[in-house]
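To be precise, the following lines are query.csv, and they hold CSV, C-alpha atoms.
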chain,number,residue,atom,x,y,z
A,1,MET,CA,81.4,91.9,105.6
A,2,GLU,CA,81.6,92.5,109.3
A,3,ALA,CA,84.4,94.7,110.7
A,4,ALA,CA,85.4,96.5,113.9
A,5,CYS,CA,85.7,100.2,113.1
A,6,PHE,CA,86.9,103.3,115.0
A,7,THR,CA,85.0,106.3,113.7
A,8,ALA,CA,87.1,108.5,116.1
A,9,PRO,CA,89.7,107.8,118.7
A,10,ARG,CA,88.3,105.2,121.1
A,11,ASN,CA,84.9,105.4,119.5
A,12,LEU,CA,84.4,101.8,118.3
A,13,GLU,CA,81.5,100.4,116.2
A,14,ILE,CA,80.9,97.0,114.7
A,15,ILE,CA,79.8,97.7,111.1
A,16,ARG,CA,78.8,96.1,107.8
A,17,THR,CA,81.0,97.2,105.0
A,18,LEU,CA,82.0,96.2,101.5
A,19,ILE,CA,84.6,93.6,100.8
A,20,PRO,CA,87.7,95.6,99.8
A,21,PRO,CA,88.5,95.6,96.0
A,22,ILE,CA,91.9,94.5,94.8
A,23,THR,CA,94.1,95.6,91.8
A,24,ASP,CA,95.3,93.2,89.2
A,25,ASP,CA,99.0,93.9,89.6
A,26,GLN,CA,99.5,94.6,93.2
A,27,TYR,CA,97.0,93.3,95.7
A,28,LEU,CA,95.3,90.2,96.9
A,29,ALA,CA,92.4,89.7,99.3
A,30,ALA,CA,92.7,87.4,102.3
A,31,ALA,CA,89.7,85.9,104.0
A,32,TYR,CA,90.3,85.5,107.7
A,33,ALA,CA,90.2,82.0,109.1
A,34,ALA,CA,92.7,83.3,111.5
A,35,LEU,CA,93.3,85.1,114.8
A,36,ILE,CA,94.5,88.7,114.9
A,37,ILE,CA,96.3,90.3,117.9
A,38,ILE,CA,95.1,93.5,119.5
A,39,TRP,CA,97.5,96.4,120.1
A,40,GLN,CA,96.1,99.6,121.6
A,41,ARG,CA,98.2,102.4,123.1
A,42,ASP,CA,97.8,106.1,123.5
A,43,ASN,CA,100.1,106.7,120.5
A,44,PHE,CA,98.0,104.5,118.3
A,45,TRP,CA,95.8,107.4,117.2
A,46,VAL,CA,98.6,109.9,116.2
A,47,ASN,CA,98.6,109.3,112.4
A,48,SER,CA,95.3,107.3,112.2
A,49,GLN,CA,92.7,108.1,109.5
A,50,PHE,CA,89.1,107.6,110.4
A,51,GLN,CA,87.0,105.6,109.8
A,52,LEU,CA,89.7,103.0,110.7
A,53,VAL,CA,89.5,99.2,110.8
A,54,PRO,CA,92.3,98.4,113.2
A,55,GLY,CA,94.5,95.2,113.3
A,56,HIS,CA,98.1,95.2,112.1
A,57,GLU,CA,99.1,91.7,113.1
A,58,ILE,CA,97.3,89.8,110.4
A,59,VAL,CA,96.8,86.1,109.6
A,60,GLY,CA,94.5,84.8,106.9
A,61,THR,CA,93.7,82.5,104.0
A,62,ILE,CA,94.0,83.7,100.4
A,63,ALA,CA,90.6,84.2,98.9
A,64,THR,CA,91.2,86.1,95.7
A,65,LEU,CA,94.4,86.9,93.7
A,66,GLY,CA,95.2,89.8,91.5
A,67,LYS,CA,96.2,88.7,88.0
A,68,SER,CA,99.8,89.7,88.4
A,69,VAL,CA,100.4,88.1,91.8
A,70,SER,CA,102.7,85.1,91.6
A,71,GLY,CA,103.9,82.5,94.1
A,72,LEU,CA,100.6,82.3,95.9
A,73,ALA,CA,97.4,80.3,95.5
A,74,ILE,CA,93.8,80.4,96.7
A,75,GLY,CA,93.6,78.6,100.1
A,76,ASP,CA,97.2,79.4,101.1
A,77,ARG,CA,97.6,80.3,104.8
A,78,VAL,CA,99.5,83.5,105.0
A,79,VAL,CA,100.7,86.4,107.2
A,80,VAL,CA,100.7,90.0,106.0
A,81,ASP,CA,103.4,92.5,106.5
A,82,PRO,CA,101.3,95.6,107.2
A,83,THR,CA,103.9,98.3,106.4
A,84,ILE,CA,103.3,100.6,103.4
A,85,LEU,CA,106.3,102.6,102.2
A,86,CYS,CA,106.5,105.4,99.7
A,87,GLU,CA,109.9,104.4,98.3
A,88,ASN,CA,110.4,108.0,97.2
A,89,CYS,CA,111.2,110.1,100.3
A,90,PHE,CA,114.7,111.1,101.5
A,91,PHE,CA,115.0,108.1,103.8
A,92,CYS,CA,113.5,105.5,101.5
A,93,ARG,CA,116.0,106.6,98.8
A,94,ARG,CA,118.8,106.1,101.3
A,95,GLY,CA,117.6,102.5,102.1
A,96,GLN,CA,116.4,103.6,105.6
A,97,HIS,CA,112.8,102.4,105.0
A,98,VAL,CA,111.8,102.2,108.6
A,99,LEU,CA,112.2,106.0,108.7
A,100,CYS,CA,110.0,106.6,105.7
A,101,GLU,CA,108.5,110.1,105.9
A,102,ASN,CA,105.2,108.7,104.6
A,103,PHE,CA,105.2,105.5,106.7
A,104,ASN,CA,101.8,103.9,106.7
A,105,SER,CA,100.5,100.6,108.0
A,106,LEU,CA,97.4,98.4,107.6
A,107,GLY,CA,95.5,98.6,110.8
A,108,VAL,CA,97.1,101.9,112.0
A,109,THR,CA,96.6,104.4,109.1
A,110,ASN,CA,94.8,102.1,106.6
A,111,ALA,CA,92.1,99.5,106.9
A,112,GLY,CA,93.5,96.4,108.7
A,113,GLY,CA,92.7,93.0,109.9
A,114,PHE,CA,89.8,93.2,112.3
A,115,ALA,CA,87.4,92.4,109.5
A,116,GLU,CA,86.4,89.3,107.5
A,117,TYR,CA,88.6,90.4,104.6
A,118,VAL,CA,91.6,92.6,104.0
A,119,ALA,CA,93.4,93.8,100.9
A,120,ALA,CA,97.2,93.7,100.9
A,121,ALA,CA,100.0,93.9,98.4
A,122,GLY,CA,101.0,90.5,97.0
A,123,ARG,CA,104.7,91.2,97.7
A,124,LYS,CA,103.8,91.7,101.4
A,125,VAL,CA,102.2,88.3,101.9
A,126,TYR,CA,104.2,85.3,103.2
A,127,LYS,CA,103.0,81.6,103.4
A,128,ILE,CA,103.0,79.8,106.7
A,129,TYR,CA,103.0,76.0,107.3
A,130,ASN,CA,103.6,74.7,110.8
A,131,LEU,CA,102.0,77.4,113.0
A,132,SER,CA,98.6,77.7,114.5
A,133,ASP,CA,96.7,80.9,113.8
A,134,GLU,CA,97.4,82.1,117.3
A,135,GLU,CA,101.1,81.5,116.9
A,136,ALA,CA,101.2,83.1,113.5
A,137,THR,CA,99.9,86.4,114.8
A,138,LEU,CA,103.2,86.8,116.6
A,139,ILE,CA,105.2,86.9,113.3
A,140,GLU,CA,104.7,90.7,113.1
A,141,PRO,CA,106.1,91.3,116.6
A,142,THR,CA,108.9,88.9,115.8
A,143,SER,CA,109.8,90.9,112.8
A,144,CYS,CA,110.0,94.0,115.0
A,145,ALA,CA,112.3,92.1,117.4
A,146,ILE,CA,114.5,91.1,114.6
A,147,HIS,CA,114.9,94.7,113.6
A,148,GLY,CA,115.8,95.4,117.2
A,149,LEU,CA,118.5,92.7,117.2
A,150,ASP,CA,119.8,94.1,113.9
A,151,LYS,CA,120.1,97.5,115.5
A,152,LEU,CA,121.9,96.0,118.5
A,153,ASN,CA,124.4,94.2,116.4
A,154,VAL,CA,125.6,92.3,119.5
A,155,PRO,CA,129.0,90.4,119.6
A,156,THR,CA,129.1,86.8,120.8
A,157,GLY,CA,129.2,86.3,124.6
A,158,VAL,CA,127.3,89.4,125.8
A,159,LYS,CA,125.2,89.5,129.0
A,160,ALA,CA,121.8,91.0,128.4
A,161,LEU,CA,119.0,92.4,130.6
A,162,VAL,CA,115.5,92.6,129.2
A,163,LEU,CA,113.2,94.8,131.1
A,164,GLY,CA,109.6,93.8,130.6
A,165,ALA,CA,107.9,90.5,129.6
A,166,GLY,CA,105.5,91.5,126.8
A,167,PRO,CA,105.6,89.4,123.7
A,168,THR,CA,108.1,91.4,121.7
A,169,GLY,CA,110.4,91.6,124.8
A,170,LEU,CA,110.2,87.8,125.2
A,171,ILE,CA,110.8,87.2,121.5
A,172,LEU,CA,113.8,89.5,121.6
A,173,ALA,CA,115.2,87.7,124.6
A,174,GLN,CA,115.0,84.4,122.7
A,175,LEU,CA,116.7,86.0,119.7
A,176,LEU,CA,119.5,87.2,122.0
A,177,LYS,CA,120.0,83.7,123.3
A,178,LEU,CA,120.0,82.3,119.8
A,179,ASN,CA,122.4,84.8,118.5
A,180,GLY,CA,125.3,84.7,120.9
A,181,ALA,CA,124.3,86.1,124.3
A,182,SER,CA,126.0,84.1,127.1
A,183,LYS,CA,123.2,85.1,129.6
A,184,VAL,CA,119.8,86.7,129.3
A,185,VAL,CA,118.1,88.0,132.4
A,186,ILE,CA,114.4,89.0,132.2
A,187,ALA,CA,113.1,91.4,134.9
A,188,ALA,CA,109.4,92.2,135.0
A,189,ASN,CA,106.4,92.5,137.3
A,190,LYS,CA,105.3,89.1,138.5
A,191,SER,CA,102.3,88.2,136.4
A,192,ILE,CA,101.1,85.7,133.7
A,193,LYS,CA,103.7,87.2,131.5
A,194,THR,CA,106.6,86.1,133.6
A,195,ARG,CA,105.0,82.7,133.9
A,196,VAL,CA,104.8,82.4,130.2
A,197,ALA,CA,108.4,83.6,129.9
A,198,GLN,CA,109.6,80.8,132.0
A,199,GLU,CA,107.4,78.2,130.4
A,200,LEU,CA,108.9,79.1,127.0
A,201,ASP,CA,112.5,79.3,128.4
A,202,CYS,CA,112.9,82.8,127.1
A,203,GLY,CA,115.7,83.7,129.4
A,204,ASP,CA,118.4,82.2,131.7
A,205,GLU,CA,117.4,84.1,134.8
A,206,TYR,CA,114.2,85.7,135.9
A,207,VAL,CA,113.5,88.6,138.3
A,208,GLU,CA,109.8,88.7,139.2
A,209,LEU,CA,109.3,92.1,140.6
A,210,ASP,CA,106.8,92.9,143.4
A,211,ARG,CA,104.4,95.5,142.0
A,212,THR,CA,104.1,97.3,145.3
A,213,ASN,CA,107.8,97.2,146.5
A,214,PRO,CA,110.3,96.3,143.8
A,215,GLU,CA,113.2,98.3,145.2
A,216,PRO,CA,114.8,95.4,147.1
A,217,GLN,CA,114.7,93.2,144.0
A,218,TRP,CA,116.3,96.0,141.9
A,219,ALA,CA,119.0,96.3,144.5
A,220,GLU,CA,119.6,92.5,144.5
A,221,LEU,CA,119.9,92.6,140.7
A,222,LYS,CA,122.7,95.2,141.0
A,223,LYS,CA,124.4,93.2,143.7
A,224,THR,CA,124.2,90.0,141.7
A,225,HIS,CA,125.5,91.7,138.6
A,226,PRO,CA,127.9,94.4,139.9
A,227,TYR,CA,129.3,95.2,136.5
A,228,GLY,CA,125.9,95.5,134.9
A,229,PHE,CA,125.1,94.2,131.4
A,230,ASP,CA,126.5,94.6,128.0
A,231,VAL,CA,123.0,95.1,126.6
A,232,VAL,CA,120.0,96.4,128.4
A,233,VAL,CA,116.6,96.4,126.5
A,234,GLU,CA,114.0,98.7,127.9
A,235,ALA,CA,110.7,97.1,126.7
A,236,THR,CA,108.2,98.2,129.4
A,237,GLY,CA,107.1,101.5,128.0
A,238,SER,CA,107.5,102.9,131.5
A,239,GLU,CA,109.0,106.4,131.8
A,240,LYS,CA,110.4,105.6,135.3
A,241,ILE,CA,112.1,102.4,134.2
A,242,ALA,CA,113.4,104.0,131.0
A,243,ASN,CA,115.1,106.6,133.3
A,244,ASP,CA,116.5,103.9,135.6
A,245,ALA,CA,117.6,101.5,132.8
A,246,ILE,CA,120.9,103.3,132.1
A,247,ASN,CA,122.1,102.4,135.6
A,248,TYR,CA,122.2,98.7,134.6
A,249,VAL,CA,124.3,99.2,131.5
A,250,ARG,CA,127.9,98.1,131.8
A,251,ARG,CA,130.6,100.6,130.9
A,252,GLY,CA,131.0,100.3,127.1
A,253,GLY,CA,127.5,98.8,126.9
A,254,THR,CA,124.3,99.5,124.9
A,255,LEU,CA,120.9,100.6,126.0
A,256,LEU,CA,118.1,99.8,123.5
A,257,ILE,CA,114.9,101.8,123.9
A,258,TYR,CA,112.3,99.4,122.7
A,259,GLY,CA,109.0,100.2,124.5
A,260,VAL,CA,106.1,102.3,123.4
A,261,TYR,CA,105.8,105.5,125.4
A,262,SER,CA,103.4,108.4,125.7
A,263,ASN,CA,104.5,111.4,123.8
A,264,ASP,CA,105.1,113.5,126.9
A,265,ALA,CA,107.4,110.9,128.5
A,266,LEU,CA,110.9,112.2,129.2
A,267,VAL,CA,114.3,110.8,130.4
A,268,HIS,CA,117.0,112.5,132.4
A,269,TRP,CA,120.3,110.8,131.9
A,270,SER,CA,123.7,112.2,132.9
A,271,PRO,CA,125.7,113.2,129.8
A,272,SER,CA,128.8,112.8,131.9
A,273,LYS,CA,128.0,109.1,132.6
A,274,ILE,CA,127.2,108.5,128.9
A,275,PHE,CA,130.5,110.2,127.9
A,276,GLY,CA,132.7,108.6,130.6
A,277,ASP,CA,131.2,105.1,130.3
A,278,GLU,CA,131.0,105.3,126.5
A,279,ILE,CA,127.4,104.1,126.6
A,280,ARG,CA,125.6,103.6,123.3
A,281,ILE,CA,121.9,104.5,123.4
A,282,ILE,CA,119.7,103.5,120.4
A,283,GLY,CA,116.1,103.2,119.5
A,284,SER,CA,114.2,100.5,117.6
A,285,PHE,CA,110.9,101.4,115.9
A,286,ALA,CA,108.7,98.9,113.9
A,287,GLN,CA,110.4,97.0,111.1
A,288,THR,CA,110.7,96.8,107.4
A,289,HIS,CA,111.8,93.7,105.3
A,290,CYS,CA,112.1,91.5,108.4
A,291,PHE,CA,109.1,89.3,107.8
A,292,PRO,CA,110.9,86.5,105.9
A,293,ARG,CA,113.3,85.9,108.8
A,294,ALA,CA,110.4,86.1,111.3
A,295,VAL,CA,108.5,83.5,109.4
A,296,GLU,CA,111.6,81.2,109.4
A,297,TYR,CA,112.2,81.6,113.1
A,298,LEU,CA,108.6,80.8,114.1
A,299,ASP,CA,107.8,78.2,111.5
A,300,SER,CA,111.1,76.3,112.4
A,301,GLY,CA,110.2,76.4,116.1
A,302,LYS,CA,113.5,78.1,117.0
A,303,VAL,CA,111.5,81.1,118.5
A,304,ARG,CA,108.7,79.8,120.7
A,305,VAL,CA,105.5,81.7,121.1
A,306,LYS,CA,102.9,79.0,122.1
A,307,GLY,CA,100.9,80.4,124.9
A,308,MET,CA,101.5,84.1,124.4
A,309,VAL,CA,98.0,84.5,123.0
A,310,THR,CA,96.0,83.9,126.1
A,311,ASP,CA,92.5,85.0,124.9
A,312,THR,CA,90.5,85.1,121.7
A,313,TYR,CA,87.3,87.0,120.9
A,314,ALA,CA,84.9,87.3,117.9
A,315,ILE,CA,84.9,90.7,116.0
A,316,GLY,CA,81.5,91.6,117.6
A,317,ASP,CA,83.2,91.3,121.1
A,318,TYR,CA,86.0,93.6,120.1
A,319,GLN,CA,85.4,96.0,123.1
A,320,LYS,CA,85.5,93.0,125.5
A,321,ALA,CA,88.8,92.1,123.9
A,322,LEU,CA,90.2,95.6,124.5
A,323,ASP,CA,89.0,95.5,128.1
A,324,ARG,CA,90.7,92.1,128.6
A,325,MET,CA,93.9,93.5,127.2
A,326,ASN,CA,93.8,96.5,129.5
A,327,SER,CA,93.1,94.3,132.5
A,328,LYS,CA,96.8,93.2,132.6
A,329,VAL,CA,95.7,89.6,133.2
A,330,ALA,CA,96.4,88.6,129.5
A,331,VAL,CA,99.7,88.5,127.5
A,332,LYS,CA,98.1,89.0,124.1
A,333,VAL,CA,94.5,89.0,123.0
A,334,ALA,CA,93.3,87.9,119.5
A,335,VAL,CA,90.2,88.7,117.4
A,336,THR,CA,88.8,86.3,114.9
A,337,PRO,CA,85.8,86.6,112.5
A,338,GLY,CA,84.4,83.4,114.2
A,339,LYS,CA,83.5,81.7,110.9
A,340,GLU,CA,85.1,80.2,107.8
A,341,ILE,CA,84.7,82.2,104.6
A,342,SER,CA,85.1,81.0,101.1
A,343,VAL,CA,85.0,83.1,97.9
A,344,SER,CA,84.6,81.9,94.3
A,345,VAL,CA,87.2,83.4,91.9

Could you render the structure from this file as structure tokens?
Amino acid sequence: MEAACFTAPRNLEIIRTLIPPITDDQYLAAAYAALIIIWQRDNFWVNSQFQLVPGHEIVGTIATLGKSVSGLAIGDRVVVDPTILCENCFFCRRGQHVLCENFNSLGVTNAGGFAEYVAAAGRKVYKIYNLSDEEATLIEPTSCAIHGLDKLNVPTGVKALVLGAGPTGLILAQLLKLNGASKVVIAANKSIKTRVAQELDCGDEYVELDRTNPEPQWAELKKTHPYGFDVVVEATGSEKIANDAINYVRRGGTLLIYGVYSNDALVHWSPSKIFGDEIRIIGSFAQTHCFPRAVEYLDSGKVRVKGMVTDTYAIGDYQKALDRMNSKVAVKVAVTPGKEISVSV
């Protein structure tokens, strides 16, 4: 089969490799007739093992089933939860699976979805019905947003500010609206992302920031909302905005750190302000066991993602896809094998 493969950090090759084998009791093989989202950040490489087939937001069609896999059939359209947990470390045994000391993931530490086939645990595969392939690739980011909402545990009637208009931020904004927020404001640089946010009705109010001189708009946001927000979600991954985000949190409010940052990024917050204003600061990393709810939200249409995938490329054009993603003129970019595959059992 054909696959995109990193032989070292940022060293990409398109290779021919063997179709991955599956075990009888745990795994199934999915043949991709689907689109797969790209995610590449500096931190991507920290725990990666090379050679690495990337791609952790995986959609496919069942091609082969292990003998002990139940509830699925060849030809089913599915999404794959990429997380791999040890179930034996200190945190797993406490039920805190997202903090697993041996946390692995398809496409990050193990072979993922930028290939014609992938092997995955049968218990990690979920059927989809009403979604296009492009839309279904957003189930994994939705599951991460659901974990973020779980961490927030927001009461009914809160006002929320979401900083950033990437897919997970826009999905979390919709979840806040669906789960009791009285108002959701989205503030982000004016771009295709803010246009998509408005088209999907992700928020109630939008602040489209000028990239060269956003200060007047930040000042106007504070003027319009003098008491700040019960919930502020920092979803930009910007060190500067992470530092400023606390200044928009209402007394007694919560700041959720939800972006992906470089390892050397630092924040400098006043402990006196956090103490006196009783501000709660929490983080949200990845997800575990949130896929069933994510499938329900997207398959039902309650969370809208149509249009978030703006570009698609064949596996052989993987570098072009990365370049497109880094150009900041796309919301999400997807990769597909570019052909239908069938496998006899």

Selection: 7 Å around stretch 96-104 of chain A, only C-alpha atoms, excl. self and same-chain fewer than 4 positions, as a VMD selection string: chain A and resid 83 to 86 89 91 to 92 109 286 to 288

Using all atoms listed in the file, which of the listed residues (A:Glu234, A:Asp264, A:Glu215, A:Asp299) sits closest to A:Ser132? A:Asp299

Check which residues of stretch 196-220 of chain A sit at most 8 Å from stretch 177-187 of chain A using all atoms listed in the file, and return one row each with the closest pair of atoms and their distance in Å to one decimal, ordered by chain and rising number, as a Markdown table.
| residue | atom | partner | partner_atom | distance |
| --- | --- | --- | --- | --- |
| A:Gly203 | CA | A:Val184 | CA | 5.1 |
| A:Asp204 | CA | A:Val184 | CA | 5.3 |
| A:Glu205 | CA | A:Val185 | CA | 4.6 |
| A:Tyr206 | CA | A:Ile186 | CA | 5.0 |
| A:Val207 | CA | A:Ala187 | CA | 4.4 |
| A:Glu208 | CA | A:Ala187 | CA | 6.1 |
| A:Leu209 | CA | A:Ala187 | CA | 6.9 |

Stretch 295-321 of chain A residues near stretch 116-128 of chain A within 12 Å, closest pair each, using all atoms listed in the file, as CSV:
residue,atom,partner,partner_atom,distance
A:Val295,CA,A:Ile128,CA,7.2
A:Glu296,CA,A:Ile128,CA,9.1
A:Tyr297,CA,A:Ile128,CA,11.4
A:Leu298,CA,A:Ile128,CA,9.3
A:Asp299,CA,A:Ile128,CA,7.0
A:Ser300,CA,A:Ile128,CA,10.5
A:Ala314,CA,A:Glu116,CA,10.7
A:Ile315,CA,A:Glu116,CA,8.7
A:Gly316,CA,A:Glu116,CA,11.5

Skipping near chain neighbours, those fewer than 3 positions away, what residues fall within 10 Å of stretch 329-335 of chain A using all atoms listed in the file, listed as a CSV table (one decimal) with C-alpha atoms, keeping the file's coordinate frame?
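The file below, around32.csv, is the result:
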chain,number,residue,atom,x,y,z
A,4,ALA,CA,85.4,96.5,113.9
A,34,ALA,CA,92.7,83.3,111.5
A,35,LEU,CA,93.3,85.1,114.8
A,36,ILE,CA,94.5,88.7,114.9
A,37,ILE,CA,96.3,90.3,117.9
A,38,ILE,CA,95.1,93.5,119.5
A,39,TRP,CA,97.5,96.4,120.1
A,55,GLY,CA,94.5,95.2,113.3
A,57,GLU,CA,99.1,91.7,113.1
A,113,GLY,CA,92.7,93.0,109.9
A,114,PHE,CA,89.8,93.2,112.3
A,115,ALA,CA,87.4,92.4,109.5
A,133,ASP,CA,96.7,80.9,113.8
A,134,GLU,CA,97.4,82.1,117.3
A,137,THR,CA,99.9,86.4,114.8
A,138,LEU,CA,103.2,86.8,116.6
A,165,ALA,CA,107.9,90.5,129.6
A,166,GLY,CA,105.5,91.5,126.8
A,167,PRO,CA,105.6,89.4,123.7
A,191,SER,CA,102.3,88.2,136.4
A,192,ILE,CA,101.1,85.7,133.7
A,193,LYS,CA,103.7,87.2,131.5
A,194,THR,CA,106.6,86.1,133.6
A,196,VAL,CA,104.8,82.4,130.2
A,307,GLY,CA,100.9,80.4,124.9
A,308,MET,CA,101.5,84.1,124.4
A,309,VAL,CA,98.0,84.5,123.0
A,310,THR,CA,96.0,83.9,126.1
A,311,ASP,CA,92.5,85.0,124.9
A,312,THR,CA,90.5,85.1,121.7
A,313,TYR,CA,87.3,87.0,120.9
A,314,ALA,CA,84.9,87.3,117.9
A,315,ILE,CA,84.9,90.7,116.0
A,316,GLY,CA,81.5,91.6,117.6
A,317,ASP,CA,83.2,91.3,121.1
A,318,TYR,CA,86.0,93.6,120.1
A,321,ALA,CA,88.8,92.1,123.9
A,322,LEU,CA,90.2,95.6,124.5
A,323,ASP,CA,89.0,95.5,128.1
A,324,ARG,CA,90.7,92.1,128.6
A,325,MET,CA,93.9,93.5,127.2
A,326,ASN,CA,93.8,96.5,129.5
A,338,GLY,CA,84.4,83.4,114.2

Rounded to one decimal in Å, what is the spacing between atom CA of A:Pro54 and atom CA of A:Arg293? 24.8 Å

How far is it from atom CA of A:Gly237 to atom CA of A:Asn11, in Å with one decimal? 24.1 Å

Using all atoms listed in the file, find the one residue out of A:Asn189, A:Glu199, A:Ile139, A:Lys159 that sits nearest to A:Ser238.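 Among the listed residues, the smallest separation from A:Ser238 belongs to A:Asn189.
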
Smallest atom-to-atom distance to A:Leu175: which of A:Val303, A:Val232, A:Asn243, A:Arg195, using only C-alpha atoms? A:Val303

Find, counting only C-alpha atoms, the residue in A:Ile241, A:Ala136, A:Ala173, A:Leu256 that gets nearest to A:Lys151. A:Leu256

Every residue with an atom at most 12 Å from (120.6, 112.4, 129.6) (file coordinates; all atoms listed in the file) is what I'm after, so could you write them as a list of chain:residue names?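 Collected hits near the coordinates: A:Ala242, A:Asn243, A:Asp244, A:Ala245, A:Ile246, A:Asn247, A:Leu266, A:Val267, A:His268, A:Trp269, A:Ser270, A:Pro271, A:Ser272, A:Lys273, A:Ile274, A:Phe275, A:Ile279, A:Arg280, A:Ile281.
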
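Atom pair atom CA of A:Val233 / atom CA of A:Val162 has a distance of 4.8 Å (rounded to one decimal).
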
Of the candidates A:Leu200, A:Ala3, A:Ala111, A:Ala294, which one gets nearest to A:Val79 if we count only C-alpha atoms? A:Ala294
